[in-house]
$ cat structure10.cif   # mmCIF, C-alpha atoms
data_target
loop_
_atom_site.label_atom_id
_atom_site.label_comp_id
_atom_site.auth_asym_id
_atom_site.auth_seq_id
_atom_site.Cartn_x
_atom_site.Cartn_y
_atom_site.Cartn_z
CA MET J 1 0.83 -22.94 -22.39
CA LYS J 2 3.90 -25.13 -22.45
CA LEU J 3 3.39 -27.96 -19.97
CA LEU J 4 6.17 -29.94 -18.33
CA ALA J 5 5.05 -33.42 -17.23
CA LEU J 6 7.60 -34.40 -14.59
CA GLY J 7 7.59 -38.16 -14.15
CA GLY J 8 5.57 -38.33 -17.34
CA ALA J 9 7.04 -41.72 -18.26
CA GLY J 10 5.60 -43.37 -15.13
CA ALA J 11 2.26 -45.13 -14.99
CA MET J 12 0.31 -42.26 -13.48
CA GLY J 13 2.34 -39.67 -15.34
CA ARG J 14 1.48 -41.22 -18.70
CA VAL J 15 -2.24 -41.14 -17.97
CA SER J 16 -2.28 -37.57 -16.67
CA ALA J 17 -0.15 -36.44 -19.63
CA ARG J 18 -2.59 -38.10 -22.03
CA VAL J 19 -5.48 -36.18 -20.52
CA ALA J 20 -3.45 -32.96 -20.41
CA ALA J 21 -2.47 -33.21 -24.09
CA ALA J 22 -6.12 -32.81 -25.07
CA LEU J 23 -6.72 -29.69 -22.94
CA PRO J 24 -7.33 -26.43 -24.83
CA GLY J 25 -4.80 -24.59 -22.69
CA VAL J 26 -1.88 -26.87 -23.58
CA HIS J 27 0.04 -25.94 -26.72
CA LYS J 28 3.21 -27.94 -26.17
CA LEU J 29 3.91 -30.91 -23.91
CA VAL J 30 7.27 -32.13 -22.59
CA ILE J 31 7.46 -35.62 -21.10
CA ALA J 32 10.30 -35.43 -18.57
CA ASP J 33 11.86 -38.29 -16.65
CA ARG J 34 15.29 -39.20 -15.28
CA ASP J 35 15.15 -42.19 -17.66
CA LEU J 36 15.42 -40.51 -21.06
CA ASP J 37 14.67 -43.69 -23.01
CA ALA J 38 11.45 -44.17 -21.04
CA ALA J 39 10.54 -40.53 -21.64
CA ARG J 40 11.12 -40.96 -25.37
CA ARG J 41 8.94 -44.06 -25.49
CA ALA J 42 6.14 -42.33 -23.60
CA ALA J 43 6.37 -39.22 -25.77
CA ALA J 44 6.32 -41.26 -28.98
CA ALA J 45 3.27 -43.23 -27.84
CA LEU J 46 1.42 -40.05 -26.91
CA ALA J 47 2.47 -38.01 -29.94
CA ALA J 48 0.69 -40.39 -32.30
CA GLY J 49 -2.73 -39.19 -31.16
CA ALA J 50 -1.98 -35.88 -29.45
CA PRO J 51 -3.26 -32.62 -30.96
CA VAL J 52 -0.14 -30.76 -29.74
CA PRO J 53 3.62 -31.25 -30.19
CA VAL J 54 5.08 -33.72 -27.67
CA ARG J 55 8.77 -34.17 -26.96
CA ALA J 56 10.90 -35.96 -24.40
CA SER J 57 13.46 -34.58 -21.99
CA ARG J 58 15.74 -35.96 -19.30
CA VAL J 59 15.13 -34.33 -15.92
CA ASP J 60 16.36 -35.67 -12.59
CA VAL J 61 14.46 -33.80 -9.86
CA THR J 62 17.40 -34.30 -7.47
CA ASP J 63 19.64 -32.28 -9.81
CA GLY J 64 18.84 -28.68 -8.85
CA PRO J 65 20.18 -26.87 -11.94
CA GLU J 66 18.62 -29.43 -14.29
CA LEU J 67 15.24 -29.15 -12.56
CA HIS J 68 15.40 -25.34 -12.50
CA ALA J 69 16.20 -25.15 -16.22
CA ALA J 70 13.32 -27.45 -17.14
CA LEU J 71 10.84 -25.51 -15.03
CA ALA J 72 12.05 -22.14 -16.29
CA ASP J 73 11.25 -23.27 -19.83
CA ALA J 74 7.63 -24.19 -18.95
CA ASP J 75 4.49 -22.25 -18.08
CA ALA J 76 3.11 -25.02 -15.86
CA VAL J 77 4.29 -28.30 -14.39
CA LEU J 78 2.36 -31.49 -13.72
CA ASN J 79 4.46 -33.27 -11.10
CA THR J 80 3.88 -37.03 -10.70
CA VAL J 81 7.31 -37.84 -9.24
CA GLY J 82 7.00 -39.82 -6.01
CA PRO J 83 7.32 -40.57 -3.24
CA TYR J 84 6.46 -37.01 -2.35
CA TYR J 85 7.93 -37.17 1.13
CA ARG J 86 11.28 -37.31 -0.67
CA TYR J 87 10.81 -35.05 -3.68
CA GLY J 88 7.62 -32.98 -3.46
CA LEU J 89 8.81 -30.00 -1.45
CA ASP J 90 11.93 -29.40 -3.54
CA VAL J 91 10.01 -29.48 -6.82
CA LEU J 92 7.41 -27.01 -5.57
CA ARG J 93 10.10 -24.68 -4.23
CA ALA J 94 11.81 -24.74 -7.62
CA ALA J 95 8.51 -24.05 -9.42
CA ILE J 96 7.89 -21.02 -7.24
CA ARG J 97 11.40 -19.71 -7.94
CA THR J 98 10.86 -20.05 -11.70
CA GLY J 99 7.29 -18.68 -11.66
CA THR J 100 5.86 -21.96 -12.97
CA HIS J 101 2.27 -22.91 -12.14
CA TYR J 102 2.12 -26.27 -10.39
CA LEU J 103 -0.12 -29.29 -9.86
CA ASP J 104 0.70 -32.66 -8.31
CA ILE J 105 -0.81 -35.88 -6.93
CA CYS J 106 1.01 -35.69 -3.57
CA ASP J 107 -0.35 -38.38 -1.27
CA ASP J 108 1.97 -37.91 1.72
CA TRP J 109 0.80 -35.74 4.60
CA GLU J 110 4.28 -34.71 5.78
CA PRO J 111 5.30 -32.75 2.66
CA THR J 112 1.74 -31.47 2.31
CA VAL J 113 2.15 -29.61 5.61
CA ALA J 114 5.48 -28.19 4.48
CA MET J 115 4.25 -27.31 0.99
CA LEU J 116 1.23 -25.44 2.33
CA GLU J 117 3.66 -23.27 4.28
CA LEU J 118 4.99 -22.00 0.93
CA ASP J 119 1.66 -20.29 0.25
CA GLU J 120 2.97 -16.78 0.92
CA GLU J 121 5.99 -17.31 -1.33
CA ALA J 122 3.78 -18.64 -4.12
CA ARG J 123 1.42 -15.67 -3.83
CA ALA J 124 4.33 -13.26 -3.97
CA ALA J 125 5.58 -15.01 -7.11
CA GLY J 126 2.14 -15.11 -8.72
CA VAL J 127 2.29 -18.92 -8.86
CA ARG J 128 -0.88 -21.00 -8.60
CA ALA J 129 -0.24 -24.42 -7.07
CA VAL J 130 -2.69 -27.26 -6.40
CA LEU J 131 -1.60 -30.17 -4.19
CA GLY J 132 -2.95 -33.70 -4.17
CA ALA J 133 -5.24 -33.70 -7.20
CA GLY J 134 -5.50 -37.45 -7.82
CA ALA J 135 -7.97 -40.01 -6.51
CA SER J 136 -7.04 -39.84 -2.85
CA PRO J 137 -6.31 -37.10 -2.14
CA GLY J 138 -8.21 -35.27 -4.83
CA VAL J 139 -11.53 -36.93 -5.61
CA SER J 140 -11.79 -37.80 -1.91
CA ASN J 141 -11.41 -34.15 -0.88
CA LEU J 142 -14.10 -33.04 -3.29
CA LEU J 143 -16.41 -35.78 -2.01
CA ALA J 144 -15.78 -34.53 1.54
CA ALA J 145 -16.72 -31.01 0.48
CA ARG J 146 -19.94 -32.37 -1.08
CA ALA J 147 -20.85 -34.24 2.09
CA ALA J 148 -20.06 -31.29 4.35
CA ALA J 149 -22.15 -28.95 2.18
CA ARG J 150 -25.27 -30.99 3.03
CA LEU J 151 -24.92 -30.03 6.71
CA ASP J 152 -25.42 -26.74 8.52
CA THR J 153 -22.61 -27.40 11.00
CA LEU J 154 -19.72 -29.84 10.69
CA THR J 155 -18.40 -32.07 13.47
CA ASP J 156 -16.53 -35.03 11.95
CA VAL J 157 -15.31 -35.69 8.44
CA TYR J 158 -13.76 -38.89 7.08
CA THR J 159 -12.40 -39.91 3.69
CA ALA J 160 -11.92 -43.57 2.83
CA TRP J 161 -10.47 -45.75 0.07
CA PRO J 162 -10.46 -49.52 -0.42
CA VAL J 163 -7.60 -51.99 -0.24
CA ASP J 164 -8.95 -55.51 -0.82
CA VAL J 165 -12.68 -55.46 -0.17
CA GLY J 166 -15.88 -56.10 -2.09
CA SER J 167 -15.47 -56.64 -5.80
CA MET J 168 -12.15 -54.87 -6.08
CA PRO J 169 -9.93 -56.46 -8.74
CA ASP J 170 -7.76 -59.31 -7.49
CA SER J 171 -9.26 -58.86 -4.02
CA SER J 172 -7.41 -61.89 -2.69
CA ARG J 173 -4.28 -59.76 -2.59
CA PRO J 174 -3.59 -56.77 -0.34
CA ASP J 175 -2.82 -54.45 -3.22
CA THR J 176 -2.51 -54.64 -6.99
CA SER J 177 0.15 -51.96 -7.54
CA LEU J 178 3.03 -53.12 -5.32
CA ARG J 179 5.38 -53.50 -8.30
CA ASP J 180 6.05 -51.11 -11.14
CA PRO J 181 6.13 -52.25 -14.78
CA ASN J 182 9.84 -53.08 -14.40
CA GLY J 183 9.18 -55.39 -11.45
CA ALA J 184 10.66 -53.08 -8.80
CA VAL J 185 8.75 -52.15 -5.66
CA SER J 186 6.54 -49.22 -6.69
CA ALA J 187 6.70 -45.72 -5.24
CA ALA J 188 3.05 -46.14 -4.25
CA ALA J 189 3.89 -49.21 -2.16
CA VAL J 190 6.82 -47.45 -0.48
CA HIS J 191 4.51 -44.50 0.26
CA TRP J 192 1.95 -46.87 1.78
CA MET J 193 4.50 -48.30 4.20
CA GLN J 194 5.51 -44.78 5.22
CA GLN J 195 1.88 -44.02 6.04
CA ILE J 196 1.18 -47.09 8.19
CA SER J 197 4.17 -46.49 10.45
CA GLY J 198 5.28 -43.98 13.05
CA THR J 199 2.61 -41.39 13.72
CA VAL J 200 0.27 -39.78 11.19
CA ALA J 201 -1.76 -36.61 11.02
CA THR J 202 -5.37 -36.70 12.17
CA VAL J 203 -7.75 -34.19 13.75
CA GLU J 204 -9.31 -34.59 17.19
CA ASP J 205 -11.75 -32.12 18.74
CA GLY J 206 -11.01 -29.71 15.92
CA ARG J 207 -7.25 -29.73 16.51
CA PRO J 208 -4.52 -31.36 14.40
CA VAL J 209 -2.71 -34.14 16.27
CA ARG J 210 -0.44 -37.06 15.46
CA ARG J 211 -1.46 -40.57 16.35
CA PRO J 212 -0.28 -44.09 15.48
CA PRO J 213 -1.97 -45.36 12.28
CA LEU J 214 -4.26 -48.39 11.92
CA ARG J 215 -6.65 -47.15 14.61
CA PRO J 216 -10.10 -48.72 14.09
CA VAL J 217 -12.95 -46.30 13.41
CA ALA J 218 -16.50 -47.69 13.61
CA LEU J 219 -18.91 -45.94 11.23
CA ASP J 220 -22.70 -45.98 10.97
CA LEU J 221 -23.50 -44.08 7.80
CA PRO J 222 -26.65 -43.15 5.87
CA GLY J 223 -28.05 -45.81 3.57
CA GLY J 224 -27.33 -48.67 5.97
CA HIS J 225 -23.56 -48.54 5.44
CA ARG J 226 -21.93 -49.82 8.63
CA GLY J 227 -18.52 -51.21 9.47
CA THR J 228 -15.01 -50.51 10.72
CA ALA J 229 -12.21 -48.88 8.75
CA TYR J 230 -8.62 -48.16 9.80
CA THR J 231 -6.69 -44.90 9.90
CA VAL J 232 -3.76 -44.37 7.55
CA GLY J 233 -1.54 -41.37 6.96
CA HIS J 234 -2.71 -39.15 4.10
CA PRO J 235 -3.10 -35.43 3.34
CA GLU J 236 -6.90 -35.25 3.64
CA PRO J 237 -7.11 -34.54 7.39
CA VAL J 238 -4.42 -31.86 7.04
CA THR J 239 -6.19 -29.96 4.27
CA LEU J 240 -9.81 -30.58 5.33
CA HIS J 241 -8.96 -29.16 8.76
CA ARG J 242 -7.94 -25.94 7.04
CA SER J 243 -10.68 -25.76 4.43
CA LEU J 244 -13.77 -27.22 6.16
CA ARG J 245 -12.79 -26.68 9.82
CA PRO J 246 -14.55 -29.66 11.43
CA GLY J 247 -15.19 -29.17 15.13
CA GLY J 248 -14.63 -32.85 15.91
CA ASP J 249 -12.50 -35.51 14.26
CA ALA J 250 -11.05 -35.94 10.78
CA ALA J 251 -9.07 -38.87 9.43
CA ASN J 252 -8.30 -40.78 6.28
CA LEU J 253 -9.32 -44.43 6.42
CA MET J 254 -8.63 -47.72 4.67
CA VAL J 255 -11.58 -50.01 3.96
CA VAL J 256 -9.71 -53.26 4.35
CA SER J 257 -10.28 -56.90 5.20
CA VAL J 258 -9.41 -58.07 8.70
CA GLY J 259 -6.62 -60.32 7.43
CA THR J 260 -4.85 -57.55 5.55
CA ALA J 261 -5.35 -55.05 8.39
CA ALA J 262 -3.74 -57.56 10.76
CA TYR J 263 -0.77 -58.09 8.42
CA LEU J 264 -0.33 -54.33 8.02
CA GLY J 265 -0.26 -54.12 11.81
CA VAL J 266 2.60 -56.63 11.91
CA LEU J 267 4.51 -54.63 9.30
CA ARG J 268 3.89 -51.43 11.27
CA ASP J 269 5.35 -52.99 14.40
CA ASP J 270 8.47 -54.12 12.52
CA LEU J 271 8.86 -50.77 10.77
CA ASP J 272 8.60 -48.91 14.06
CA ALA J 273 11.12 -51.28 15.64
CA GLY J 274 13.60 -50.69 12.79
CA ARG J 275 13.46 -54.28 11.56
CA LEU J 276 12.14 -53.16 8.18
CA THR J 277 12.54 -50.17 5.90
CA ASN J 278 9.71 -48.82 3.77
CA GLU J 279 11.19 -50.62 0.77
CA THR J 280 11.68 -53.98 2.48
CA ALA J 281 8.23 -53.77 4.08
CA ALA J 282 6.64 -53.16 0.67
CA ALA J 283 8.51 -56.14 -0.75
CA ASP J 284 7.36 -58.26 2.20
CA LEU J 285 3.74 -57.26 1.62
CA ASP J 286 4.08 -58.36 -1.98
CA ARG J 287 5.44 -61.75 -0.85
CA PRO J 288 4.29 -62.28 2.76
CA THR J 289 6.58 -64.31 4.98
CA LEU J 290 5.33 -67.28 6.99
CA ARG J 291 6.42 -65.84 10.33
CA ARG J 292 4.60 -62.54 9.80
CA THR J 293 1.57 -64.36 8.41
CA LEU J 294 1.34 -66.37 11.63
CA ARG J 295 1.72 -63.24 13.75
CA ALA J 296 -1.07 -61.58 11.76
CA ALA J 297 -3.33 -64.62 12.13
CA ALA J 298 -2.98 -64.40 15.91
CA ARG J 299 -4.19 -60.81 16.06
CA ALA J 300 -6.90 -60.98 13.37
CA PRO J 301 -9.67 -62.47 15.62
CA ARG J 302 -9.58 -59.34 17.79
CA MET J 303 -10.20 -57.02 14.85
CA ARG J 304 -13.40 -55.88 13.15
CA GLY J 305 -14.13 -55.87 9.45
CA PRO J 306 -15.55 -53.39 6.91
CA GLY J 307 -19.13 -54.71 7.01
CA THR J 308 -21.24 -52.87 4.44
CA LEU J 309 -19.10 -49.77 4.06
CA PRO J 310 -18.84 -48.54 0.46
CA PRO J 311 -15.38 -48.83 -1.08
CA PHE J 312 -14.62 -45.15 -1.78
CA PHE J 313 -16.42 -42.38 0.09
CA ALA J 314 -16.41 -39.32 2.29
CA ALA J 315 -18.68 -38.98 5.30
CA ALA J 316 -19.53 -36.01 7.49
CA THR J 317 -21.48 -35.57 10.72
CA GLY J 318 -22.93 -32.44 12.24
CA THR J 319 -26.35 -30.82 12.29
CA ARG J 320 -29.00 -30.06 9.73
CA ASP J 321 -32.09 -27.96 10.55
CA GLY J 322 -31.07 -28.01 14.19
CA ARG J 323 -30.85 -31.80 14.47
CA PRO J 324 -27.93 -34.24 14.47
CA ALA J 325 -27.28 -35.46 10.94
CA ALA J 326 -24.83 -37.40 8.81
CA ALA J 327 -24.06 -37.10 5.11
CA LEU J 328 -22.36 -39.56 2.79
CA ALA J 329 -20.87 -38.82 -0.64
CA ARG J 330 -19.64 -41.88 -2.51
CA LEU J 331 -18.70 -42.87 -6.01
CA ASP J 332 -21.13 -45.16 -7.75
CA GLY J 333 -19.01 -47.31 -10.01
CA ALA J 334 -16.02 -47.03 -7.67
CA GLU J 335 -14.89 -50.57 -8.47
CA ARG J 336 -14.58 -49.71 -12.16
CA PHE J 337 -12.98 -46.37 -11.37
CA LEU J 338 -10.35 -47.92 -9.11
CA ALA J 339 -9.66 -51.00 -11.24
CA ASP J 340 -6.57 -49.27 -12.65
CA MET J 341 -4.91 -46.97 -10.13
CA ALA J 342 -2.93 -45.20 -12.84
CA GLU J 343 -6.19 -44.20 -14.52
CA ALA J 344 -7.93 -43.44 -11.22
CA THR J 345 -5.15 -41.06 -10.25
CA GLY J 346 -4.02 -39.71 -13.60
CA VAL J 347 -7.44 -38.84 -15.00
CA PRO J 348 -8.48 -36.65 -12.03
CA ALA J 349 -5.09 -34.93 -12.16
CA GLY J 350 -5.65 -34.06 -15.80
CA LEU J 351 -9.15 -32.77 -15.11
CA ALA J 352 -7.97 -30.63 -12.20
CA LEU J 353 -5.13 -29.32 -14.38
CA ALA J 354 -7.73 -28.08 -16.87
CA GLN J 355 -9.11 -25.76 -14.18
CA LEU J 356 -5.63 -24.54 -13.26
CA LEU J 357 -4.76 -23.72 -16.84
CA ASP J 358 -8.03 -22.04 -17.85
CA GLY J 359 -8.11 -19.71 -14.85
CA THR J 360 -10.87 -21.41 -12.86
CA VAL J 361 -8.18 -21.64 -10.18
CA ARG J 362 -7.62 -17.90 -9.96
CA ALA J 363 -5.81 -17.23 -6.72
CA ALA J 364 -2.04 -17.43 -6.51
CA GLY J 365 -0.79 -19.51 -3.61
CA VAL J 366 -0.61 -23.15 -2.55
CA HIS J 367 -4.04 -24.80 -2.34
CA PRO J 368 -5.64 -28.17 -1.64
CA PRO J 369 -8.13 -29.24 -4.32
CA GLU J 370 -11.27 -28.67 -2.24
CA ALA J 371 -10.32 -25.00 -1.78
CA VAL J 372 -10.05 -24.03 -5.46
CA ILE J 373 -11.40 -26.76 -7.77
CA ASP J 374 -15.00 -26.38 -8.97
CA GLY J 375 -16.45 -29.66 -7.73
CA GLU J 376 -19.60 -29.62 -9.85
CA ARG J 377 -17.60 -29.16 -13.03
CA PHE J 378 -14.97 -31.67 -11.93
CA PHE J 379 -17.46 -34.48 -11.29
CA ALA J 380 -19.31 -33.72 -14.54
CA ASP J 381 -15.98 -33.97 -16.40
CA LEU J 382 -15.12 -37.17 -14.52
CA ALA J 383 -18.43 -38.76 -15.51
CA ARG J 384 -17.71 -37.97 -19.17
CA GLU J 385 -14.15 -39.26 -18.96
CA CYS J 386 -15.10 -42.38 -16.95
CA PRO J 387 -18.61 -43.49 -18.06
CA GLY J 388 -20.58 -45.19 -15.30
CA VAL J 389 -18.85 -43.27 -12.49
CA GLU J 390 -20.97 -40.69 -10.67
CA VAL J 391 -21.41 -39.17 -7.22
CA VAL J 392 -24.20 -40.49 -4.99
CA GLU J 393 -25.17 -38.48 -1.91
CA GLU J 394 -27.12 -39.91 1.01
CA LEU J 395 -28.48 -38.29 4.18
#
$ encode --input "structure10.cif" --output "structure tokens"
Amino acid sequence: MKLLALGGAGAMGRVSARVAAALPGVHKLVIADRDLDAARRAAAALAAGAPVPVRASRVDVTDGPELHAALADADAVLNTVGPYYRYGLDVLRAAIRTGTHYLDICDDWEPTVAMLELDEEARAAGVRAVLGAGASPGVSNLLAARAAARLDTLTDVYTAWPVDVGSMPDSSRPDTSLRDPNGAVSAAAVHWMQQISGTVATVEDGRPVRRPPLRPVALDLPGGHRGTAYTVGHPEPVTLHRSLRPGGDAANLMVVSVGTAAYLGVLRDDLDAGRLTNETAAADLDRPTLRRTLRAAARAPRMRGPGTLPPFFAAATGTRDGRPAAALARLDGAERFLADMAEATGVPAGLALAQLLDGTVRAAGVHPPEAVIDGERFFADLARECPGVEVVEEL
């Protein structure tokens, strides 16, 4: 297959393209980016060790004809262009029109809802599309499926990722990917500000609802893992509601220190009041202001911390053998896995792409990873690609 790596010159795009270049199903790889010079540099760096031809191309996803032409010339597209709430839906629509199989790392819940609604169109076109196949969503969804499988009935399901806790790298800072290699505020940081403001998708009593983010959720999990995490907008509740159908609650959570949670709460208030944009809020988080720091310090004493919660996990509650039960699926070695977010996101995307290209993902349509990716194979591949990282399950 000829693979188009949209955004392939970006940090996560370069990693996922590197993994994809070694897949048996890829016979030609095109690194596409709106910055042609960056695409050429990325292609040249990858071509030196790639077993397939690699070339560069300029593609601006906001230019409809240019995007359509690039997709029409490819069998499959790996889309790492963010933020997805701006660009994801249009790229998927174009891929369906050109009959191009599709995989992305979409981490915004809003376009995920809209993209899932294209399922019928994708099936009619014979296009197989997988959404959100990175770390979170992606690995997190597959962990949730593992946890839920240990129970006979499912009530609640939570996915969680760390911000600045435990032995995370540079844990004195709220985040380590707020700036891109050029020094500009990163798309990931802008996405984060989008997902801590307004209302976000969660599930309550088995029904999808929208609630303000940063709601504290107290957890008492198997293995003595106890603490409080905070809700944040993400696709997991949207897709897990459809695939696992929990009868209770579902949410995506941040495992975060009290100080950072308090500062995020201040940013949320200012975003909701229109005093900040996503971009200016991300820049502020990178260089906190004194006034907002003092506001955060005033609210921090009323908040609860992460306690002994693991850094990256999925948890499910329900029944097992007729009794109330809880199941936890976590990554052992999560700190190493998450030390470089480009690797943590790009490697899973490449491994999921392998299953799309070799036909493991058989059904046409638009799918979340937990619905079509073989989890056993995926985690075995992840352990080989990232030595020391493995799934631990606790009941």
$ residues_around --input "structure10.cif" --residues "Leu131 in chain J" --least-positions-apart "6" --cutoff "10 Å" --atoms "all atoms listed in the file" --output "ChimeraX atom specification"
/J:79,88,92,102-107,112,115-116,137-138,235,239,349,366-370
$ atom_distance --input "structure10.cif" --atom1 "CA of Pro311 in chain J" --atom2 "CA of Val255 in chain J"
6.4 Å
$ resolve_selection --input "structure10.cif" --expression "the PyMOL selection byres ((chain J and resi 306) around 9)" --output "PDB file with C-alpha atoms, in the frame of the given file"
ATOM      1  CA  VAL J 165     -12.680 -55.460  -0.170  1.00  0.00           C
ATOM      2  CA  ALA J 218     -16.500 -47.690  13.610  1.00  0.00           C
ATOM      3  CA  ARG J 226     -21.930 -49.820   8.630  1.00  0.00           C
ATOM      4  CA  GLY J 227     -18.520 -51.210   9.470  1.00  0.00           C
ATOM      5  CA  THR J 228     -15.010 -50.510  10.720  1.00  0.00           C
ATOM      6  CA  ALA J 229     -12.210 -48.880   8.750  1.00  0.00           C
ATOM      7  CA  VAL J 255     -11.580 -50.010   3.960  1.00  0.00           C
ATOM      8  CA  VAL J 256      -9.710 -53.260   4.350  1.00  0.00           C
ATOM      9  CA  SER J 257     -10.280 -56.900   5.200  1.00  0.00           C
ATOM     10  CA  VAL J 258      -9.410 -58.070   8.700  1.00  0.00           C
ATOM     11  CA  ARG J 304     -13.400 -55.880  13.150  1.00  0.00           C
ATOM     12  CA  GLY J 305     -14.130 -55.870   9.450  1.00  0.00           C
ATOM     13  CA  GLY J 307     -19.130 -54.710   7.010  1.00  0.00           C
ATOM     14  CA  THR J 308     -21.240 -52.870   4.440  1.00  0.00           C
ATOM     15  CA  LEU J 309     -19.100 -49.770   4.060  1.00  0.00           C
ATOM     16  CA  PRO J 310     -18.840 -48.540   0.460  1.00  0.00           C
TER      17      PRO J 310
END
$ residues_near_point --input "structure10.cif" --point "(13.7, -42.3, -20.2)" --cutoff "12 Å" --atoms "only C-alpha atoms" --output "list in words"
Leu6, Gly7, Gly8, Ala9, Gly10, Ile31, Ala32, Asp33, Arg34, Asp35, Leu36, Asp37, Ala38, Ala39, Arg40, Arg41, Ala42, Ala43, Ala44, Arg55, Ala56, Ser57, Arg58, Val59 and Asp60 of chain J
$ write_last_selection --input "structure10.cif" --atoms "C-alpha atoms" --output "PDB file, keeping the file's coordinate frame"
ATOM      1  CA  LEU J   6       7.600 -34.400 -14.590  1.00  0.00           C
ATOM      2  CA  GLY J   7       7.590 -38.160 -14.150  1.00  0.00           C
ATOM      3  CA  GLY J   8       5.570 -38.330 -17.340  1.00  0.00           C
ATOM      4  CA  ALA J   9       7.040 -41.720 -18.260  1.00  0.00           C
ATOM      5  CA  GLY J  10       5.600 -43.370 -15.130  1.00  0.00           C
ATOM      6  CA  ILE J  31       7.460 -35.620 -21.100  1.00  0.00           C
ATOM      7  CA  ALA J  32      10.300 -35.430 -18.570  1.00  0.00           C
ATOM      8  CA  ASP J  33      11.860 -38.290 -16.650  1.00  0.00           C
ATOM      9  CA  ARG J  34      15.290 -39.200 -15.280  1.00  0.00           C
ATOM     10  CA  ASP J  35      15.150 -42.190 -17.660  1.00  0.00           C
ATOM     11  CA  LEU J  36      15.420 -40.510 -21.060  1.00  0.00           C
ATOM     12  CA  ASP J  37      14.670 -43.690 -23.010  1.00  0.00           C
ATOM     13  CA  ALA J  38      11.450 -44.170 -21.040  1.00  0.00           C
ATOM     14  CA  ALA J  39      10.540 -40.530 -21.640  1.00  0.00           C
ATOM     15  CA  ARG J  40      11.120 -40.960 -25.370  1.00  0.00           C
ATOM     16  CA  ARG J  41       8.940 -44.060 -25.490  1.00  0.00           C
ATOM     17  CA  ALA J  42       6.140 -42.330 -23.600  1.00  0.00           C
ATOM     18  CA  ALA J  43       6.370 -39.220 -25.770  1.00  0.00           C
ATOM     19  CA  ALA J  44       6.320 -41.260 -28.980  1.00  0.00           C
ATOM     20  CA  ARG J  55       8.770 -34.170 -26.960  1.00  0.00           C
ATOM     21  CA  ALA J  56      10.900 -35.960 -24.400  1.00  0.00           C
ATOM     22  CA  SER J  57      13.460 -34.580 -21.990  1.00  0.00           C
ATOM     23  CA  ARG J  58      15.740 -35.960 -19.300  1.00  0.00           C
ATOM     24  CA  VAL J  59      15.130 -34.330 -15.920  1.00  0.00           C
ATOM     25  CA  ASP J  60      16.360 -35.670 -12.590  1.00  0.00           C
TER      26      ASP J  60
END
$ closest_residue --input "structure10.cif" --among "J:Thr202, J:Val19, J:Leu331, J:Arg292" --to "Glu385 in chain J" --atoms "all atoms listed in the file"
J:Val19
$ closest_residue --input "structure10.cif" --among "J:Gly365, J:Gly206, J:Gly64, J:Gly274" --to "Leu240 in chain J" --atoms "only C-alpha atoms"
J:Gly206
$ atom_distance --input "structure10.cif" --atom1 "CA of Pro53 in chain J" --atom2 "CA of Met1 in chain J"
11.7 Å
$ closest_residue --input "structure10.cif" --among "J:Ile196, J:Val52, J:Val127, J:Leu78" --to "Val15 in chain J" --atoms "only C-alpha atoms"
J:Leu78
$ resolve_selection --input "structure10.cif" --expression "the PyMOL selection byres ((chain J and resi 260-263) around 8)" --output "NGL selection string"
:J and (164 or 174 or 214 or 230 or 256-259 or 264-267 or 292-293 or 295-297 or 299-300 or 303)
$ residues_around --input "structure10.cif" --residues "range 21-29 of chain J" --least-positions-apart "3" --cutoff "7 Å" --atoms "only C-alpha atoms" --output "JSON, numbers by chain"
{"J": [1, 2, 3, 4, 17, 18, 50, 51, 52, 53, 54, 55, 354, 357, 358]}
$ resolve_selection --input "structure10.cif" --expression "the PyMOL selection byres ((chain J and resi 271) around 10)" --output "compact mmCIF listing (two decimals) with C-alpha atoms, in the frame of the given file"
# COMPACT_ATOMS: atom_id res chain seq x y z
CA MET J 193 4.50 -48.30 4.20
CA GLN J 194 5.51 -44.78 5.22
CA ILE J 196 1.18 -47.09 8.19
CA SER J 197 4.17 -46.49 10.45
CA GLY J 198 5.28 -43.98 13.05
CA GLY J 265 -0.26 -54.12 11.81
CA VAL J 266 2.60 -56.63 11.91
CA LEU J 267 4.51 -54.63 9.30
CA ARG J 268 3.89 -51.43 11.27
CA ASP J 269 5.35 -52.99 14.40
CA ASP J 270 8.47 -54.12 12.52
CA ASP J 272 8.60 -48.91 14.06
CA ALA J 273 11.12 -51.28 15.64
CA GLY J 274 13.60 -50.69 12.79
CA ARG J 275 13.46 -54.28 11.56
CA LEU J 276 12.14 -53.16 8.18
CA THR J 277 12.54 -50.17 5.90
CA ASN J 278 9.71 -48.82 3.77
CA THR J 280 11.68 -53.98 2.48
CA ALA J 281 8.23 -53.77 4.08
